[in-house]
>>> print(open('upload.tsv').read())   # TSV, C-alpha atoms
chain	number	residue	atom	x	y	z
E	14	TYR	CA	36.10	27.35	34.99
E	15	LEU	CA	38.35	28.32	37.88
E	16	ALA	CA	35.57	27.61	40.38
E	17	ARG	CA	34.96	24.17	38.90
E	18	TYR	CA	38.64	23.34	39.03
E	19	ILE	CA	38.89	24.43	42.68
E	20	VAL	CA	35.65	22.73	43.77
E	21	LYS	CA	36.69	19.42	42.20
E	22	SER	CA	39.87	19.65	44.23
E	23	VAL	CA	37.89	20.48	47.40
E	24	ILE	CA	35.66	17.44	46.87
E	25	GLY	CA	38.73	15.28	46.37
E	26	PHE	CA	40.26	16.46	49.64
E	27	LEU	CA	37.02	16.14	51.64
E	28	SER	CA	36.37	12.63	50.35
E	29	LYS	CA	39.53	11.51	52.14
E	30	GLU	CA	38.31	12.86	55.49
E	31	GLU	CA	36.06	11.07	57.97
E	32	GLU	CA	32.43	12.22	57.69
E	33	GLY	CA	32.47	13.84	61.12
E	34	ASN	CA	35.54	15.92	60.31
E	35	ARG	CA	34.57	17.27	56.90
E	36	GLY	CA	32.75	20.41	58.05
E	37	ASP	CA	35.68	21.53	60.18
E	38	LYS	CA	38.13	20.90	57.34
E	39	ILE	CA	36.44	23.12	54.74
E	40	SER	CA	38.69	26.17	55.17
E	41	GLU	CA	41.83	24.04	55.24
E	42	VAL	CA	41.01	22.03	52.13
E	43	THR	CA	39.74	25.08	50.24
E	44	LEU	CA	43.02	26.92	50.79
E	45	ALA	CA	44.92	23.83	49.70
E	46	SER	CA	42.74	23.60	46.60
E	47	ILE	CA	43.34	27.26	45.71
E	48	LYS	CA	47.07	26.73	46.08
E	49	ASN	CA	46.77	23.73	43.76
E	50	ALA	CA	44.90	25.86	41.24
E	51	ALA	CA	47.51	28.62	41.49
E	52	THR	CA	50.19	26.16	40.41
E	53	GLY	CA	48.08	23.89	38.21
E	54	ILE	CA	46.10	26.39	36.14
E	55	THR	CA	48.04	27.69	33.14
E	56	ALA	CA	46.87	29.42	30.01
E	57	ASP	CA	46.97	26.05	28.23
E	58	LYS	CA	44.94	24.45	31.03
E	59	MET	CA	42.37	27.26	30.86
E	60	ASN	CA	42.10	26.74	27.10
E	61	GLU	CA	41.57	23.02	27.73
E	62	LEU	CA	38.82	23.67	30.30
E	63	ILE	CA	37.04	26.24	28.14
E	64	SER	CA	37.33	24.15	24.97
E	65	ALA	CA	35.61	21.26	26.78
E	66	GLU	CA	32.58	23.44	27.54
E	67	PRO	CA	29.45	22.16	25.77
E	68	GLN	CA	28.66	24.41	22.83
E	69	ILE	CA	25.29	25.49	24.17
E	70	GLU	CA	23.27	27.51	21.67
E	71	GLY	CA	24.06	31.20	22.03
E	72	ARG	CA	27.24	30.65	24.04
E	73	ALA	CA	29.73	29.41	21.48
E	74	TRP	CA	30.92	32.90	20.57
E	75	ARG	CA	31.38	33.79	24.25
E	76	ILE	CA	33.55	30.73	24.76
E	77	GLN	CA	35.63	31.62	21.72
E	78	ASP	CA	36.00	35.18	23.00
E	79	ARG	CA	37.25	33.88	26.33
E	80	LEU	CA	39.76	31.63	24.55
E	81	ARG	CA	41.00	34.63	22.61
E	82	ARG	CA	41.43	36.74	25.75
E	83	VAL	CA	43.30	33.99	27.59
E	84	LYS	CA	45.61	33.59	24.61
E	85	GLU	CA	46.28	37.34	24.43
E	86	LYS	CA	46.95	37.76	28.15
E	87	GLY	CA	48.90	34.54	28.51
E	88	GLU	CA	49.86	33.75	32.10
E	89	ARG	CA	49.35	37.31	33.35
E	90	ASP	CA	45.60	37.14	33.94
E	91	LEU	CA	43.85	33.79	33.83
E	92	GLY	CA	40.70	35.09	35.44
E	93	ALA	CA	38.96	35.45	38.80
E	94	THR	CA	36.21	33.61	40.60
E	95	THR	CA	33.96	33.87	43.61
E	96	LEU	CA	33.49	30.70	45.64
E	97	ILE	CA	31.15	29.19	48.19
E	98	VAL	CA	31.79	25.72	49.64
E	99	GLY	CA	29.40	23.94	51.96
E	100	HIS	CA	28.98	20.67	53.81
E	101	ILE	CA	25.93	19.35	55.65
E	102	SER	CA	26.67	16.73	58.30
E	103	GLU	CA	24.45	13.77	59.05
E	104	GLU	CA	23.20	15.72	62.06
E	105	GLY	CA	22.12	18.65	59.86
E	106	MET	CA	24.99	21.00	60.71
E	107	LEU	CA	25.74	23.29	57.77
E	108	ASN	CA	29.31	24.54	57.41
E	109	LEU	CA	29.81	27.19	54.73
E	110	LEU	CA	32.89	29.01	53.49
E	111	VAL	CA	32.39	32.13	51.37
E	112	ILE	CA	35.02	33.93	49.30
E	113	GLY	CA	34.18	36.90	47.14
E	114	ASP	CA	30.78	38.32	46.24
E	115	CYS	CA	28.54	35.27	46.19
E	116	GLY	CA	25.81	34.75	48.78
E	117	PHE	CA	23.49	32.28	50.48
E	118	CYS	CA	20.28	32.09	52.45
E	119	VAL	CA	18.56	29.60	54.74
E	120	VAL	CA	14.78	29.69	54.61
E	121	ASN	CA	11.69	27.62	55.25
E	122	GLU	CA	8.00	28.06	54.49
E	123	GLU	CA	7.52	30.31	57.53
E	124	THR	CA	10.58	32.54	57.82
E	125	VAL	CA	14.02	33.64	56.66
E	126	LEU	CA	16.59	32.18	59.05
E	127	GLU	CA	19.92	33.36	57.62
E	128	HIS	CA	21.19	35.40	54.69
E	129	HIS	CA	24.55	36.70	53.60
E	130	GLY	CA	25.82	38.58	50.57
E	131	SER	CA	25.33	41.92	48.86
E	132	VAL	CA	27.03	43.17	45.73
E	133	ALA	CA	25.41	46.58	46.23
E	134	ASP	CA	27.02	47.04	49.65
E	135	GLY	CA	30.40	45.69	48.57
E	136	ALA	CA	32.00	42.31	49.19
E	137	PRO	CA	35.44	40.76	49.66
E	138	ASP	CA	37.68	40.40	46.61
E	139	GLN	CA	37.37	37.41	44.34
E	140	ILE	CA	40.15	34.86	43.86
E	141	SER	CA	42.46	35.97	41.05
E	142	LEU	CA	44.84	33.62	39.30
E	143	PRO	CA	47.60	32.85	38.60
E	144	ASN	CA	48.97	34.71	41.65
E	145	PRO	CA	46.44	34.82	44.51
E	146	ASP	CA	47.64	36.30	47.78
E	147	ILE	CA	47.03	33.24	49.96
E	148	ASP	CA	47.86	34.99	53.25
E	149	GLU	CA	45.49	37.85	52.47
E	150	LEU	CA	42.84	35.47	51.16
E	151	GLU	CA	42.87	33.43	54.37
E	152	GLY	CA	41.92	36.55	56.32
E	153	LYS	CA	39.02	37.30	53.97
E	154	MET	CA	37.40	33.87	54.06
E	155	GLN	CA	34.04	34.00	55.81
E	156	MET	CA	32.91	30.90	57.69
E	157	PHE	CA	29.35	30.12	58.78
E	158	LYS	CA	28.06	27.30	60.97
E	159	ILE	CA	24.29	26.82	61.00
E	160	GLN	CA	22.16	24.05	62.52
E	161	LEU	CA	19.44	23.09	60.06
E	162	ALA	CA	15.97	21.80	60.90
E	163	PRO	CA	14.28	19.17	58.69
E	164	LYS	CA	12.25	21.70	56.65
E	165	ASP	CA	15.01	24.28	56.19
E	166	LYS	CA	16.26	24.96	52.68
E	167	VAL	CA	19.64	26.39	51.66
E	168	LEU	CA	20.30	28.35	48.49
E	169	ALA	CA	23.80	29.42	47.50
E	170	PHE	CA	24.13	31.76	44.54
E	171	SER	CA	26.63	33.65	42.44
E	172	ASP	CA	26.92	37.44	42.39
E	173	GLY	CA	25.01	37.59	39.11
E	174	LEU	CA	21.73	36.98	40.95
E	175	MET	CA	22.35	40.14	42.98
E	176	LYS	CA	22.85	42.43	40.00
E	177	GLY	CA	19.36	42.34	38.52
E	178	GLN	CA	16.02	42.69	40.27
E	179	TYR	CA	17.42	41.64	43.64
E	180	LYS	CA	20.47	43.45	45.02
E	181	THR	CA	21.07	41.50	48.23
E	182	ALA	CA	20.88	38.01	49.66
E	183	GLU	CA	18.20	39.33	52.03
E	184	ALA	CA	15.95	40.27	49.11
E	185	LEU	CA	16.51	36.89	47.46
E	186	ALA	CA	15.83	35.12	50.77
E	187	LYS	CA	12.53	36.95	51.27
E	188	ARG	CA	11.41	36.03	47.78
E	189	ALA	CA	12.47	32.39	48.27
E	190	GLN	CA	10.47	32.21	51.50
E	191	GLU	CA	7.40	33.66	49.76
E	192	LEU	CA	7.62	31.06	47.02
E	193	LEU	CA	8.03	28.22	49.51
E	194	ALA	CA	5.00	29.51	51.41
E	195	GLU	CA	3.03	29.28	48.16
E	196	GLY	CA	3.76	25.56	48.09
E	197	LYS	CA	6.54	25.56	45.51
E	198	SER	CA	9.33	23.00	45.75
E	199	ILE	CA	12.90	24.16	46.29
E	200	GLN	CA	13.62	23.26	42.64
E	201	GLU	CA	10.76	25.49	41.51
E	202	VAL	CA	11.98	28.27	43.78
E	203	ASN	CA	15.44	27.97	42.29
E	204	ALA	CA	14.15	28.19	38.72
E	205	ALA	CA	11.91	31.16	39.54
E	206	LEU	CA	14.72	33.10	41.22
E	207	ILE	CA	17.00	32.65	38.22
E	208	VAL	CA	14.34	34.03	35.87
E	209	GLU	CA	13.29	36.88	38.16
E	210	ALA	CA	16.74	37.92	39.34
E	211	LYS	CA	18.44	37.74	35.97
E	212	GLY	CA	16.10	40.23	34.35
E	213	ASP	CA	17.81	41.84	31.39
E	214	THR	CA	21.35	41.32	32.66
E	215	SER	CA	23.78	39.89	30.14
E	216	GLN	CA	25.92	38.09	32.73
E	217	TRP	CA	25.23	34.64	31.37
E	218	ASP	CA	27.94	33.08	33.50
E	219	ASP	CA	26.45	34.34	36.76
E	220	ASP	CA	22.86	33.13	36.49
E	221	THR	CA	22.94	29.84	38.40
E	222	THR	CA	22.23	28.74	41.95
E	223	SER	CA	23.08	25.63	43.94
E	224	ILE	CA	20.58	23.86	46.18
E	225	ALA	CA	20.83	21.81	49.36
E	226	THR	CA	18.01	20.81	51.69
E	227	GLY	CA	18.01	20.41	55.46
E	228	SER	CA	18.46	16.93	56.85
>>> encode(input="upload.tsv", output="structure tokens")
Amino acid sequence: YLARYIVKSVIGFLSKEEEGNRGDKISEVTLASIKNAATGITADKMNELISAEPQIEGRAWRIQDRLRRVKEKGERDLGATTLIVGHISEEGMLNLLVIGDCGFCVVNEETVLEHHGSVADGAPDQISLPNPDIDELEGKMQMFKIQLAPKDKVLAFSDGLMKGQYKTAEALAKRAQELLAEGKSIQEVNAALIVEAKGDTSQWDDDTTSIATGS
């Protein structure tokens, strides 16, 4: 819920920038968005966000449990989130900002080009609200700039995918490359990684990935 709130703010900021400037503005607008969240997210706002969550079968009780915990803790601990924000320019330049223990990889059918992220080896702290240390956070933000080729694929994933069968972004990247080499689409690769990586973990909120393709 925190990540969604922040990302919506990031998108709002970036939409006001010229296309050619958006990649270079990611760190600036992300910090501004986190500051907005620090002042705009209250216990009541968290309750509003969580209450709006679709009551997907099997998750209703988890949502109610989260509502209960927010109510009990009040403003003292509204939660924490990891975050990865990316922008691909018209020329295929990928700009990525990573905060916390999420990860990403860039692969194609032939090789693994880039990978980052490992829960097993430790990772920077997540964003905690309502009182994030903005000065400290700015020093922990990791920025990546990668030129993509037409057949390159980018997967960005939460820490939950590195707590099951695969412990690192490198392991996930190798598996993604193998699946692409077998002729699977990036959507099929994404679905397979979720199933394989999740295993028997109960972290339902950490089992998703985002997808972007090279230009």
>>> residues_around(input="upload.tsv", residues="Ala182 in chain E", least_positions_apart="6", cutoff="7 Å", atoms="only C-alpha atoms", output="PyMOL selection string")
chain E and resi 116-118+128-131
>>> atom_distance(input="upload.tsv", atom1="CA of Phe26 in chain E", atom2="CA of Lys48 in chain E")
12.8 Å
>>> atom_distance(input="upload.tsv", atom1="CA of Asp114 in chain E", atom2="CA of Glu61 in chain E")
26.3 Å
>>> residues_around(input="upload.tsv", residues="range 155-163 of chain E", least_positions_apart="6", cutoff="8 Å", atoms="all atoms listed in the file", output="MDAnalysis selection string")
chainID E and resid 40 105:112 227:228
>>> atom_distance(input="upload.tsv", atom1="CA of Arg81 in chain E", atom2="CA of Thr43 in chain E")
29.3 Å
>>> residues_near_point(input="upload.tsv", point="(14.9, 42.4, 39.3)", cutoff="12 Å", atoms="all atoms listed in the file", output="list of chain:residue names")
E:Gly173, E:Leu174, E:Met175, E:Lys176, E:Gly177, E:Gln178, E:Tyr179, E:Lys180, E:Thr181, E:Ala184, E:Leu185, E:Arg188, E:Ala205, E:Leu206, E:Ile207, E:Val208, E:Glu209, E:Ala210, E:Lys211, E:Gly212, E:Asp213, E:Thr214
>>> closest_residue(input="upload.tsv", among="E:Ile39, E:Leu27, E:Leu62, E:Ala16", to="Ala93 in chain E", atoms="only C-alpha atoms")
E:Ala16
>>> closest_residue(input="upload.tsv", among="E:Asp37, E:Gly99, E:Thr55, E:Glu191", to="Ile24 in chain E", atoms="only C-alpha atoms")
E:Gly99
>>> closest_residue(input="upload.tsv", among="E:Glu85, E:Glu123, E:Glu151, E:Ala186", to="Asp57 in chain E", atoms="all atoms listed in the file")
E:Glu85
>>> residues_around(input="upload.tsv", residues="Lys21 in chain E", least_positions_apart="3", cutoff="12 Å", atoms="only C-alpha atoms", output="NGL selection string")
:E and (14-18 or 24-28 or 42-43 or 45-47 or 49-50 or 98)
